[in-house]
$ cat data.txt   # compact mmCIF, C-alpha atoms and all ligand atoms
# COMPACT_ATOMS: atom_id res chain seq x y z
CA MET A 1273 -0.90 17.56 -6.66
CA SER A 1274 -1.44 19.51 -3.47
CA GLY A 1275 -4.69 21.29 -4.42
CA SER A 1276 -6.38 23.67 -2.07
CA ASN A 1277 -6.16 23.07 1.64
CA ASP A 1278 -9.63 24.22 2.63
CA HIS A 1279 -10.96 20.67 3.06
CA ILE A 1280 -8.00 19.44 5.16
CA GLY A 1281 -9.36 18.42 8.55
CA THR A 1282 -7.90 19.43 11.87
CA ALA A 1283 -6.52 15.89 12.30
CA SER A 1284 -3.96 16.52 9.57
CA ARG A 1285 -0.78 18.03 10.97
CA ARG A 1286 2.62 18.55 9.43
CA TYR A 1287 5.09 16.02 10.75
CA GLY A 1288 7.58 17.28 13.36
CA LYS A 1289 8.87 16.61 16.88
CA ALA A 1290 5.63 17.52 18.65
CA THR A 1291 3.40 15.55 16.28
CA ILE A 1292 5.62 12.46 16.59
CA ALA A 1293 5.29 12.63 20.39
CA ASP A 1294 1.51 12.90 20.05
CA ALA A 1295 1.52 9.98 17.61
CA GLU A 1296 3.47 7.83 20.05
CA ALA A 1297 1.08 8.66 22.89
CA LEU A 1298 -1.92 7.81 20.72
CA LEU A 1299 -0.44 4.54 19.47
CA ARG A 1300 0.54 3.48 23.01
CA ARG A 1301 -3.05 3.82 24.16
CA GLY A 1302 -4.41 1.86 21.20
CA GLY A 1303 -5.30 4.76 18.91
CA LEU A 1304 -4.90 5.08 15.14
CA VAL A 1305 -2.44 7.37 13.36
CA ALA A 1306 -2.22 7.88 9.60
CA VAL A 1307 1.44 7.85 8.56
CA PRO A 1308 3.22 8.56 5.26
CA THR A 1309 5.37 5.77 3.84
CA GLU A 1310 7.28 5.62 0.55
CA THR A 1311 4.44 3.53 -0.96
CA VAL A 1312 1.09 5.01 0.22
CA TYR A 1313 -0.21 6.50 3.48
CA GLY A 1314 -0.80 3.82 6.12
CA LEU A 1315 -3.36 3.63 8.92
CA ALA A 1316 -1.14 2.50 11.79
CA ALA A 1317 -1.96 0.87 15.12
CA ASP A 1318 -0.18 -1.29 17.70
CA SER A 1319 -0.28 -4.81 16.22
CA THR A 1320 -0.09 -6.40 19.70
CA ASN A 1321 -3.27 -4.64 20.91
CA ALA A 1322 -6.49 -6.45 19.87
CA ALA A 1323 -8.73 -3.41 20.37
CA ALA A 1324 -6.41 -1.20 18.30
CA VAL A 1325 -6.35 -3.74 15.48
CA ALA A 1326 -10.16 -4.07 15.58
CA GLU A 1327 -10.32 -0.29 15.21
CA ILE A 1328 -8.27 -0.47 11.97
CA TYR A 1329 -10.74 -2.95 10.42
CA ARG A 1330 -13.73 -0.91 11.64
CA THR A 1331 -12.39 2.43 10.41
CA LYS A 1332 -11.50 1.09 6.95
CA GLY A 1333 -14.66 -1.03 6.66
CA ARG A 1334 -12.23 -3.80 5.78
CA PRO A 1335 -13.41 -7.43 5.74
CA ASP A 1336 -11.72 -9.28 8.59
CA PHE A 1337 -10.43 -12.06 6.30
CA ASN A 1338 -7.99 -9.55 4.77
CA PRO A 1339 -4.81 -9.71 6.84
CA LEU A 1340 -2.64 -6.65 7.56
CA ILE A 1341 1.05 -5.94 6.95
CA VAL A 1342 3.14 -5.43 10.08
CA HIS A 1343 5.91 -2.81 9.83
CA VAL A 1344 9.27 -3.30 11.53
CA PRO A 1345 12.40 -1.15 11.92
CA ASP A 1346 14.81 -3.84 10.65
CA LEU A 1347 15.37 -7.52 9.90
CA HIS A 1348 16.28 -8.26 13.52
CA ALA A 1349 12.85 -7.06 14.70
CA ALA A 1350 11.23 -8.97 11.84
CA THR A 1351 12.73 -12.24 13.07
CA MET A 1352 10.90 -11.80 16.39
CA LEU A 1353 7.62 -11.94 14.47
CA GLY A 1354 8.33 -14.29 11.55
CA GLN A 1355 10.58 -17.17 10.53
CA PHE A 1356 13.10 -16.25 7.86
CA ASN A 1357 14.76 -18.90 5.73
CA ASP A 1358 17.92 -18.12 3.71
CA LEU A 1359 15.98 -16.82 0.73
CA ALA A 1360 13.79 -14.56 2.90
CA VAL A 1361 16.91 -13.16 4.60
CA GLU A 1362 18.46 -12.50 1.22
CA PHE A 1363 15.39 -10.62 0.00
CA ALA A 1364 15.22 -8.59 3.23
CA GLU A 1365 18.91 -7.71 3.15
CA THR A 1366 18.64 -6.61 -0.47
CA PHE A 1367 15.38 -4.67 -0.52
CA TRP A 1368 14.88 -3.40 3.06
CA PRO A 1369 14.25 -0.70 3.96
CA GLY A 1370 11.99 -0.47 0.92
CA PRO A 1371 8.75 -1.40 -0.84
CA LEU A 1372 8.91 -5.21 -0.47
CA THR A 1373 6.60 -7.18 1.87
CA LEU A 1374 7.59 -10.72 2.83
CA VAL A 1375 4.97 -13.28 3.85
CA VAL A 1376 6.68 -15.88 6.05
CA PRO A 1377 5.61 -18.41 8.73
CA LYS A 1378 4.75 -16.73 12.04
CA ALA A 1379 7.40 -16.97 14.78
CA VAL A 1380 6.55 -19.29 17.66
CA ASN A 1381 6.14 -16.53 20.23
CA CYS A 1382 4.89 -13.87 17.83
CA PRO A 1383 3.23 -11.15 19.99
CA VAL A 1384 1.03 -9.90 17.14
CA VAL A 1385 -2.69 -10.56 17.77
CA PRO A 1386 -4.43 -13.18 15.54
CA ALA A 1387 -6.74 -10.59 13.92
CA VAL A 1388 -3.72 -9.02 12.18
CA THR A 1389 -2.98 -12.20 10.26
CA ALA A 1390 -6.69 -13.05 9.89
CA GLY A 1391 -5.94 -16.27 11.77
CA LEU A 1392 -3.33 -17.45 9.24
CA ASP A 1393 -0.12 -19.14 10.37
CA THR A 1394 1.86 -16.74 8.16
CA ILE A 1395 2.62 -13.06 8.70
CA ALA A 1396 3.29 -10.23 6.22
CA LEU A 1397 6.29 -8.06 7.21
CA ARG A 1398 7.76 -4.92 5.72
CA CYS A 1399 10.57 -2.58 6.74
CA PRO A 1400 9.66 0.83 5.26
CA ALA A 1401 12.14 3.50 4.13
CA HIS A 1402 10.13 6.65 4.82
CA PRO A 1403 11.70 8.79 7.61
CA VAL A 1404 8.37 9.52 9.36
CA MET A 1405 7.33 5.85 9.55
CA ARG A 1406 10.89 4.92 10.57
CA GLU A 1407 10.79 7.43 13.40
CA LEU A 1408 7.64 5.81 14.80
CA LEU A 1409 9.16 2.34 14.37
CA SER A 1410 12.23 3.40 16.36
CA ILE A 1411 10.00 3.55 19.46
CA PRO A 1412 10.99 0.38 21.34
CA GLY A 1413 8.48 -2.48 21.28
CA LEU A 1414 6.11 -0.85 18.79
CA PHE A 1415 5.25 -3.08 15.82
CA LEU A 1416 2.78 -1.24 13.64
CA ALA A 1417 0.05 -2.92 11.62
CA ALA A 1418 -0.71 -0.48 8.81
CA PRO A 1419 -2.96 -1.05 5.80
CA SER A 1420 -3.54 1.79 3.38
CA ALA A 1421 -5.31 4.74 5.04
CA ASN A 1422 -8.51 4.71 2.97
CA ARG A 1423 -11.96 3.10 3.03
CA SER A 1424 -11.61 -0.55 1.99
CA GLY A 1425 -11.77 -1.10 -1.78
CA GLY A 1426 -11.33 2.59 -2.70
CA ILE A 1427 -8.40 4.48 -4.20
CA SER A 1428 -5.23 4.37 -2.09
CA PRO A 1429 -4.05 7.66 -0.53
CA THR A 1430 -0.74 9.20 -1.60
CA THR A 1431 -1.20 12.53 0.22
CA ALA A 1432 -2.52 13.53 3.67
CA ASP A 1433 -5.35 15.26 1.82
CA HIS A 1434 -6.46 11.94 0.27
CA VAL A 1435 -6.56 10.38 3.77
CA THR A 1436 -8.72 13.23 5.08
CA ARG A 1437 -11.15 12.89 2.18
CA SER A 1438 -11.49 9.13 2.61
CA LEU A 1439 -11.49 8.74 6.40
CA GLY A 1440 -12.08 12.30 7.66
CA ASP A 1441 -12.67 12.58 11.39
CA ALA A 1442 -12.38 8.83 11.94
CA VAL A 1443 -8.60 9.25 12.35
CA PRO A 1444 -7.50 11.41 15.30
CA LEU A 1445 -4.08 12.23 13.81
CA ILE A 1446 -2.76 12.29 10.25
CA LEU A 1447 0.98 12.97 10.00
CA ASP A 1448 1.45 15.02 6.84
CA GLY A 1449 4.79 14.15 5.25
CA GLY A 1450 3.95 15.30 1.71
CA ALA A 1451 3.33 13.09 -1.32
CA CYS A 1452 4.51 9.45 -1.28
CA GLU A 1453 7.55 8.82 -3.45
CA LYS A 1454 6.65 5.43 -4.98
CA GLY A 1455 2.91 6.07 -4.88
CA ILE A 1456 1.93 2.43 -5.32
CA GLU A 1457 1.65 -0.35 -2.71
CA SER A 1458 4.56 -2.64 -1.88
CA THR A 1459 5.35 -5.76 -3.84
CA ILE A 1460 4.18 -8.73 -1.73
CA ILE A 1461 5.90 -12.10 -2.01
CA ALA A 1462 5.33 -15.31 -0.07
CA VAL A 1463 8.52 -17.21 0.69
CA ASP A 1464 8.03 -20.88 1.43
CA ASP A 1465 10.74 -23.51 1.38
CA GLY A 1466 13.14 -22.60 -1.43
CA ASP A 1467 10.49 -20.92 -3.58
CA TYR A 1468 8.77 -17.57 -3.69
CA ARG A 1469 5.47 -16.43 -5.18
CA ILE A 1470 4.39 -12.91 -6.12
CA LEU A 1471 1.08 -12.17 -4.33
CA ARG A 1472 0.89 -8.53 -5.43
CA PRO A 1473 3.07 -6.77 -8.06
CA GLY A 1474 4.62 -3.49 -6.92
CA PRO A 1475 7.67 -1.22 -7.12
CA VAL A 1476 10.13 -4.13 -6.72
CA THR A 1477 9.87 -5.86 -10.10
CA PRO A 1478 9.90 -9.59 -10.99
CA ALA A 1479 13.29 -9.09 -12.69
CA GLN A 1480 14.81 -7.57 -9.53
CA LEU A 1481 13.49 -10.48 -7.44
CA ALA A 1482 14.71 -13.09 -9.91
CA ALA A 1483 18.18 -11.54 -9.94
CA ILE A 1484 18.46 -12.11 -6.18
CA ALA A 1485 16.77 -15.53 -6.02
CA GLY A 1486 18.58 -16.83 -9.10
CA LYS A 1487 15.20 -17.98 -10.48
CA PRO A 1488 11.80 -16.58 -11.43
CA ALA A 1489 8.87 -16.61 -9.02
CA ALA A 1490 6.89 -19.84 -8.76
CA THR A 1491 3.33 -19.54 -10.03
CA SER A 1492 0.59 -19.27 -7.45
CA ASP A 1493 -1.48 -22.43 -7.79
CA ARG A 1494 -3.43 -22.19 -4.59
CA GLY A 1495 -6.91 -21.22 -5.86
CA THR A 1496 -7.54 -19.18 -2.67
CA ILE A 1497 -7.20 -15.44 -2.24
CA GLU A 1498 -4.09 -14.82 -0.21
CA ALA A 1499 -3.97 -11.03 -0.41
CA PRO A 1500 -6.84 -8.54 -0.78
CA GLY A 1501 -4.94 -6.94 -3.61
CA GLN A 1502 -5.98 -10.19 -5.33
CA LEU A 1503 -9.68 -9.32 -5.06
CA LEU A 1504 -10.93 -8.48 -8.52
CA SER A 1505 -12.45 -5.12 -7.60
CA HIS A 1506 -10.06 -3.07 -5.47
CA TYR A 1507 -8.38 0.33 -5.65
CA ALA A 1508 -11.60 1.40 -7.35
CA PRO A 1509 -12.96 4.90 -8.00
CA ALA A 1510 -16.72 5.42 -7.73
CA LYS A 1511 -17.03 5.72 -11.54
CA PRO A 1512 -16.70 3.29 -14.47
CA VAL A 1513 -13.16 3.00 -15.82
CA ARG A 1514 -12.09 1.98 -19.37
CA LEU A 1515 -8.50 0.94 -20.08
CA ASP A 1516 -6.16 1.11 -23.11
CA ILE A 1517 -7.90 4.19 -24.51
CA GLU A 1518 -5.96 6.50 -26.83
CA THR A 1519 -8.91 8.75 -27.69
CA ALA A 1520 -11.39 9.36 -24.90
CA GLN A 1521 -15.05 10.27 -25.31
CA CYS A 1522 -16.25 13.71 -24.29
CA ASP A 1523 -17.86 12.47 -21.05
CA GLU A 1524 -14.66 10.75 -19.93
CA TYR A 1525 -11.87 12.17 -17.77
CA HIS A 1526 -8.81 10.94 -19.65
CA ILE A 1527 -5.68 9.83 -17.79
CA GLY A 1528 -2.84 10.01 -20.31
CA PHE A 1529 0.59 8.45 -20.54
CA GLY A 1530 3.53 9.32 -22.82
CA ALA A 1531 2.35 10.56 -26.22
CA VAL A 1532 -1.34 10.24 -25.23
CA PRO A 1533 -1.79 13.61 -23.47
CA GLY A 1534 -5.09 13.12 -21.61
CA ASP A 1535 -6.65 15.62 -19.17
CA ILE A 1536 -3.71 14.76 -16.96
CA ASN A 1537 -0.58 12.83 -17.97
CA LEU A 1538 1.02 10.21 -15.69
CA SER A 1539 4.40 10.75 -17.34
CA ALA A 1540 4.86 12.77 -20.52
CA HIS A 1541 8.21 11.10 -21.18
CA SER A 1542 6.85 7.58 -20.53
CA ASP A 1543 8.71 7.00 -17.25
CA LEU A 1544 6.88 4.11 -15.54
CA ALA A 1545 8.19 4.91 -12.05
CA GLU A 1546 6.94 8.47 -12.38
CA ALA A 1547 3.62 7.15 -13.69
CA ALA A 1548 3.29 4.84 -10.66
CA SER A 1549 3.92 7.74 -8.30
CA GLN A 1550 1.12 9.74 -10.00
CA LEU A 1551 -1.45 6.97 -10.56
CA PHE A 1552 -3.58 7.21 -7.41
CA ALA A 1553 -3.44 11.02 -7.34
CA ALA A 1554 -4.71 10.99 -10.93
CA LEU A 1555 -7.51 8.55 -10.05
CA HIS A 1556 -8.50 10.80 -7.12
CA LEU A 1557 -8.67 13.79 -9.51
CA ALA A 1558 -10.63 11.76 -12.04
CA GLU A 1559 -13.07 10.67 -9.35
CA ALA A 1560 -13.53 14.28 -8.18
CA SER A 1561 -13.96 15.66 -11.71
CA GLU A 1562 -17.33 16.51 -13.28
CA LYS A 1563 -16.97 13.80 -15.93
CA PRO A 1564 -19.06 10.70 -15.15
CA ARG A 1565 -16.57 8.20 -16.57
CA ILE A 1566 -12.80 7.62 -16.63
CA ALA A 1567 -10.57 6.45 -19.50
CA VAL A 1568 -6.90 5.50 -19.17
CA ALA A 1569 -4.24 5.46 -21.89
CA PRO A 1570 -2.33 2.25 -22.69
CA ILE A 1571 0.56 1.54 -20.31
CA PRO A 1572 3.37 -0.93 -21.19
CA ASP A 1573 3.14 -4.18 -19.24
CA SER A 1574 6.76 -4.41 -18.10
CA GLY A 1575 8.73 -3.50 -14.96
CA ILE A 1576 6.62 -1.32 -12.66
CA GLY A 1577 4.11 -1.17 -15.52
CA LEU A 1578 3.00 -4.65 -14.34
CA ALA A 1579 1.97 -3.14 -10.98
CA LEU A 1580 0.30 -0.15 -12.65
CA ASN A 1581 -1.76 -2.37 -14.95
CA ASP A 1582 -2.62 -4.67 -12.03
CA ARG A 1583 -4.11 -1.74 -10.08
CA LEU A 1584 -5.85 -0.38 -13.19
CA ARG A 1585 -7.47 -3.73 -14.04
CA ARG A 1586 -8.90 -3.91 -10.52
CA ALA A 1587 -10.02 -0.27 -10.67
CA ALA A 1588 -11.82 -1.06 -13.94
CA SER A 1589 -13.44 -4.33 -12.93
CA PRO A 1590 -17.16 -4.35 -12.14
CA ARG A 1591 -18.12 -4.26 -8.47
P1 LIG B 1 -2.93 -3.29 2.26
O1 LIG B 1 -2.26 -3.03 3.55
O2 LIG B 1 -4.37 -2.89 2.23
O3 LIG B 1 -2.15 -2.74 1.11
O4 LIG B 1 -2.94 -4.85 2.08
C1 LIG B 1 -2.01 -5.66 2.75
C2 LIG B 1 -1.70 -6.82 1.92
O5 LIG B 1 -0.90 -7.79 2.61
C3 LIG B 1 -2.94 -7.53 1.53
O6 LIG B 1 -2.88 -7.84 0.16
C4 LIG B 1 -2.93 -8.73 2.44
O7 LIG B 1 -3.73 -9.80 2.04
C5 LIG B 1 -1.48 -9.07 2.44
N1 LIG B 1 -1.18 -9.96 3.55
C6 LIG B 1 -1.06 -9.62 4.83
N2 LIG B 1 -0.79 -10.71 5.58
C7 LIG B 1 -0.75 -11.76 4.75
C8 LIG B 1 -0.53 -13.16 4.91
N3 LIG B 1 -0.28 -13.69 6.10
N4 LIG B 1 -0.59 -13.93 3.82
C9 LIG B 1 -0.82 -13.40 2.60
N5 LIG B 1 -1.04 -12.09 2.38
C10 LIG B 1 -1.00 -11.27 3.45
MG MG B 2 -5.23 -0.95 0.57

$ encode --input "data.txt" --output "structure tokens" --more "lines below"
Ligand code: AMP
Ligand code: MG
Amino acid sequence: MSGSNDHIGTASRRYGKATIADAEALLRRGGLVAVPTETVYGLAADSTNAAAVAEIYRTKGRPDFNPLIVHVPDLHAATMLGQFNDLAVEFAETFWPGPLTLVVPKAVNCPVVPAVTAGLDTIALRCPAHPVMRELLSIPGLFLAAPSANRSGGISPTTADHVTRSLGDAVPLILDGGACEKGIESTIIAVDDGDYRILRPGPVTPAQLAAIAGKPAATSDRGTIEAPGQLLSHYAPAKPVRLDIETAQCDEYHIGFGAVPGDINLSAHSDLAEAASQLFAALHLAEASEKPRIAVAPIPDSGIGLALNDRLRRAASPR
């Protein structure tokens, strides 16, 4: 869904050698760069620079109790920032690089500033697969904190165009690497002792995790919000959203799935991975449409469908 380019700001530039060099220079002096990843576009800054991290929170309008994910080039770099037990190593070796974030105890000499982890003694780490993000992470000593590159609480960006619309001139450089392949945020799991808990469903499914751990995830019984994805209203368009709708009303923009055609269809042949990759782009279109309300077709609650329905429930919940 590329659309017209007339609203793309000057900050958005196609990724290449020159733009990577500019990105490095900006990041080194504490600036922000929007970067494509295989999940969604991230708003990256040097996680060891307090002013740079403060700028992420300010630019997104993100509450400072919502910690950020730190991106690393590999497991070796990750172990400089966090403590990995056998199970965490196993998950990293299986799913990295890829859309899995591991929340582990912070390493003793972790150089990441406290604002990144919102003062917690744990840290969220991910090794992304996207070539553009990986190129930035290959710069020695650069650990990048990178939440999604949108205003806090809104729809996540899966194209450079979405970033421009949400953050506009607030970001000096947006590396345009095309549409994100997975299109939905990483699965987040906390690994403590021999157990793991799913904090946010995502492209890596509960069944894939259980196959590696040899057991299902433990249930989260800690009554506190550990990840902002757990906030009830999140990923939300600026219009009311109704779910599980096969026949929409005439004032609703209808997002279809499978046999329910809709104004746009997430996947005509009911492929959940394809639907995930199209979800946020469809919500952006629905938000920009002339219809005052949004309706979404039923989506099966299995595999990646769990992550899709998680995002949709939050998009539909009252603010
Ligand atoms: P975002 O980058 O906006 O997709 O959100 C990052 C996610 O990682 C949020 O859900 C955070 O709460 C979560 N996260 C980051 N650090 C931690 C941590 N130390 N403990 C639990 N969740 C975390
Ligand atoms: Mg986000």

$ residues_near_ligand --input "data.txt" --ligand "ligand LIG 1 (chain B)" --cutoff "9 Å" --atoms "all atoms listed in the file" --output "number ranges by chain"
A: 1312, 1314-1315, 1334, 1337-1342, 1373-1378, 1388-1397, 1417-1422, 1424-1425, 1428, 1457-1458, 1460-1462, 1471-1472, 1497-1503

$ residues_around --input "data.txt" --residues "Ile1446 (chain A)" --least-positions-apart "4" --cutoff "7 Å" --atoms "only C-alpha atoms" --output "ChimeraX atom specification"
/A:1283-1285,1305-1307,1432

$ closest_residue --input "data.txt" --among "A:Asn1357, A:Ser1539, A:Thr1311, A:Ser1410" --to "ligand MG 2 (chain B)" --atoms "all atoms listed in the file"
A:Thr1311

$ residues_around --input "data.txt" --residues "Val1384 (chain A)" --least-positions-apart "5" --cutoff "9 Å" --atoms "only C-alpha atoms" --output "MDAnalysis selection string"
chainID A and resid 1318:1322 1342 1353 1389 1415 1417

$ residues_near_point --input "data.txt" --point "(11.5, 3.9, 8.8)" --cutoff "9 Å" --atoms "all atoms listed in the file" --output "VMD selection string"
chain A and resid 1309 1343 to 1346 1369 1399 to 1410

$ residues_around --input "data.txt" --residues "Ala1540 (chain A)" --least-positions-apart "4" --cutoff "7 Å" --atoms "all atoms listed in the file" --output "list in words"
Phe1529, Gly1530 and Ala1531 of chain A

$ closest_residue --input "data.txt" --among "A:Gln1480, A:Thr1436, A:Thr1291, A:Ser1505" --to "ligand MG 2 (chain B)" --atoms "all atoms listed in the file"
A:Ser1505

$ atom_distance --input "data.txt" --atom1 "CA of Asp1336 (chain A)" --atom2 "CA of Leu1416 (chain A)"
17.3 Å

$ decode --input "data.txt" --residues "region 1564-1574 of chain A" --atoms "all heavy atoms" --output "PDB file, in the first residue's frame"
ATOM      1  N   PRO A1564     -16.865   7.406   9.254  1.00  0.00           N
ATOM      2  CA  PRO A1564     -16.575   7.805  10.641  1.00  0.00           C
ATOM      3  C   PRO A1564     -16.287   6.636  11.589  1.00  0.00           C
ATOM      4  O   PRO A1564     -15.852   6.846  12.712  1.00  0.00           O
ATOM      5  CB  PRO A1564     -17.855   8.530  11.071  1.00  0.00           C
ATOM      6  CG  PRO A1564     -18.935   7.932  10.227  1.00  0.00           C
ATOM      7  CD  PRO A1564     -18.284   7.569   8.905  1.00  0.00           C
ATOM      8  N   ARG A1565     -16.588   5.409  11.135  1.00  0.00           N
ATOM      9  CA  ARG A1565     -16.381   4.263  12.029  1.00  0.00           C
ATOM     10  C   ARG A1565     -15.700   3.130  11.258  1.00  0.00           C
ATOM     11  O   ARG A1565     -15.688   3.118  10.030  1.00  0.00           O
ATOM     12  CB  ARG A1565     -17.723   3.765  12.591  1.00  0.00           C
ATOM     13  CG  ARG A1565     -18.469   4.861  13.361  1.00  0.00           C
ATOM     14  CD  ARG A1565     -19.666   4.318  14.114  1.00  0.00           C
ATOM     15  NE  ARG A1565     -20.674   3.739  13.243  1.00  0.00           N
ATOM     16  CZ  ARG A1565     -21.339   2.622  13.514  1.00  0.00           C
ATOM     17  NH1 ARG A1565     -21.101   1.958  14.626  1.00  0.00           N
ATOM     18  NH2 ARG A1565     -22.229   2.146  12.663  1.00  0.00           N
ATOM     19  N   ILE A1566     -15.164   2.169  12.025  1.00  0.00           N
ATOM     20  CA  ILE A1566     -14.423   1.050  11.432  1.00  0.00           C
ATOM     21  C   ILE A1566     -15.026  -0.260  11.929  1.00  0.00           C
ATOM     22  O   ILE A1566     -15.340  -0.380  13.122  1.00  0.00           O
ATOM     23  CB  ILE A1566     -12.926   1.117  11.828  1.00  0.00           C
ATOM     24  CG1 ILE A1566     -12.309   2.454  11.374  1.00  0.00           C
ATOM     25  CG2 ILE A1566     -12.140  -0.063  11.246  1.00  0.00           C
ATOM     26  CD1 ILE A1566     -10.921   2.722  11.942  1.00  0.00           C
ATOM     27  N   ALA A1567     -15.192  -1.225  11.028  1.00  0.00           N
ATOM     28  CA  ALA A1567     -15.639  -2.569  11.418  1.00  0.00           C
ATOM     29  C   ALA A1567     -14.615  -3.570  10.894  1.00  0.00           C
ATOM     30  O   ALA A1567     -14.032  -3.367   9.833  1.00  0.00           O
ATOM     31  CB  ALA A1567     -17.014  -2.864  10.834  1.00  0.00           C
ATOM     32  N   VAL A1568     -14.396  -4.638  11.649  1.00  0.00           N
ATOM     33  CA  VAL A1568     -13.391  -5.635  11.256  1.00  0.00           C
ATOM     34  C   VAL A1568     -14.028  -7.017  11.257  1.00  0.00           C
ATOM     35  O   VAL A1568     -14.766  -7.383  12.184  1.00  0.00           O
ATOM     36  CB  VAL A1568     -12.182  -5.623  12.220  1.00  0.00           C
ATOM     37  CG1 VAL A1568     -11.074  -6.535  11.702  1.00  0.00           C
ATOM     38  CG2 VAL A1568     -11.647  -4.207  12.417  1.00  0.00           C
ATOM     39  N   ALA A1569     -13.757  -7.782  10.209  1.00  0.00           N
ATOM     40  CA  ALA A1569     -14.290  -9.142  10.078  1.00  0.00           C
ATOM     41  C   ALA A1569     -13.713 -10.061  11.164  1.00  0.00           C
ATOM     42  O   ALA A1569     -12.658  -9.772  11.732  1.00  0.00           O
ATOM     43  CB  ALA A1569     -13.929  -9.688   8.694  1.00  0.00           C
ATOM     44  N   PRO A1570     -14.397 -11.180  11.440  1.00  0.00           N
ATOM     45  CA  PRO A1570     -13.860 -12.145  12.408  1.00  0.00           C
ATOM     46  C   PRO A1570     -12.514 -12.704  11.933  1.00  0.00           C
ATOM     47  O   PRO A1570     -12.339 -12.951  10.735  1.00  0.00           O
ATOM     48  CB  PRO A1570     -14.917 -13.257  12.447  1.00  0.00           C
ATOM     49  CG  PRO A1570     -16.143 -12.690  11.816  1.00  0.00           C
ATOM     50  CD  PRO A1570     -15.700 -11.603  10.891  1.00  0.00           C
ATOM     51  N   ILE A1571     -11.599 -12.904  12.882  1.00  0.00           N
ATOM     52  CA  ILE A1571     -10.287 -13.470  12.567  1.00  0.00           C
ATOM     53  C   ILE A1571     -10.033 -14.626  13.536  1.00  0.00           C
ATOM     54  O   ILE A1571     -10.211 -14.467  14.746  1.00  0.00           O
ATOM     55  CB  ILE A1571      -9.199 -12.388  12.703  1.00  0.00           C
ATOM     56  CG1 ILE A1571      -9.459 -11.339  11.634  1.00  0.00           C
ATOM     57  CG2 ILE A1571      -7.798 -12.993  12.586  1.00  0.00           C
ATOM     58  CD1 ILE A1571      -8.522 -10.213  11.576  1.00  0.00           C
ATOM     59  N   PRO A1572      -9.665 -15.807  13.031  1.00  0.00           N
ATOM     60  CA  PRO A1572      -9.475 -16.972  13.906  1.00  0.00           C
ATOM     61  C   PRO A1572      -8.419 -16.701  14.976  1.00  0.00           C
ATOM     62  O   PRO A1572      -7.393 -16.082  14.699  1.00  0.00           O
ATOM     63  CB  PRO A1572      -8.999 -18.079  12.955  1.00  0.00           C
ATOM     64  CG  PRO A1572      -9.202 -17.564  11.572  1.00  0.00           C
ATOM     65  CD  PRO A1572      -9.378 -16.088  11.624  1.00  0.00           C
ATOM     66  N   ASP A1573      -8.707 -17.175  16.193  1.00  0.00           N
ATOM     67  CA  ASP A1573      -7.837 -16.896  17.338  1.00  0.00           C
ATOM     68  C   ASP A1573      -6.803 -18.015  17.520  1.00  0.00           C
ATOM     69  O   ASP A1573      -6.756 -18.652  18.564  1.00  0.00           O
ATOM     70  CB  ASP A1573      -8.703 -16.753  18.588  1.00  0.00           C
ATOM     71  CG  ASP A1573      -8.172 -15.693  19.538  1.00  0.00           C
ATOM     72  OD1 ASP A1573      -7.294 -14.912  19.132  1.00  0.00           O
ATOM     73  OD2 ASP A1573      -8.637 -15.657  20.686  1.00  0.00           O
ATOM     74  N   SER A1574      -5.988 -18.239  16.490  1.00  0.00           N
ATOM     75  CA  SER A1574      -4.952 -19.262  16.629  1.00  0.00           C
ATOM     76  C   SER A1574      -3.695 -18.794  15.908  1.00  0.00           C
ATOM     77  O   SER A1574      -3.775 -17.944  15.013  1.00  0.00           O
ATOM     78  CB  SER A1574      -5.432 -20.581  16.013  1.00  0.00           C
ATOM     79  OG  SER A1574      -5.655 -20.398  14.644  1.00  0.00           O
TER      80      SER A1574
END
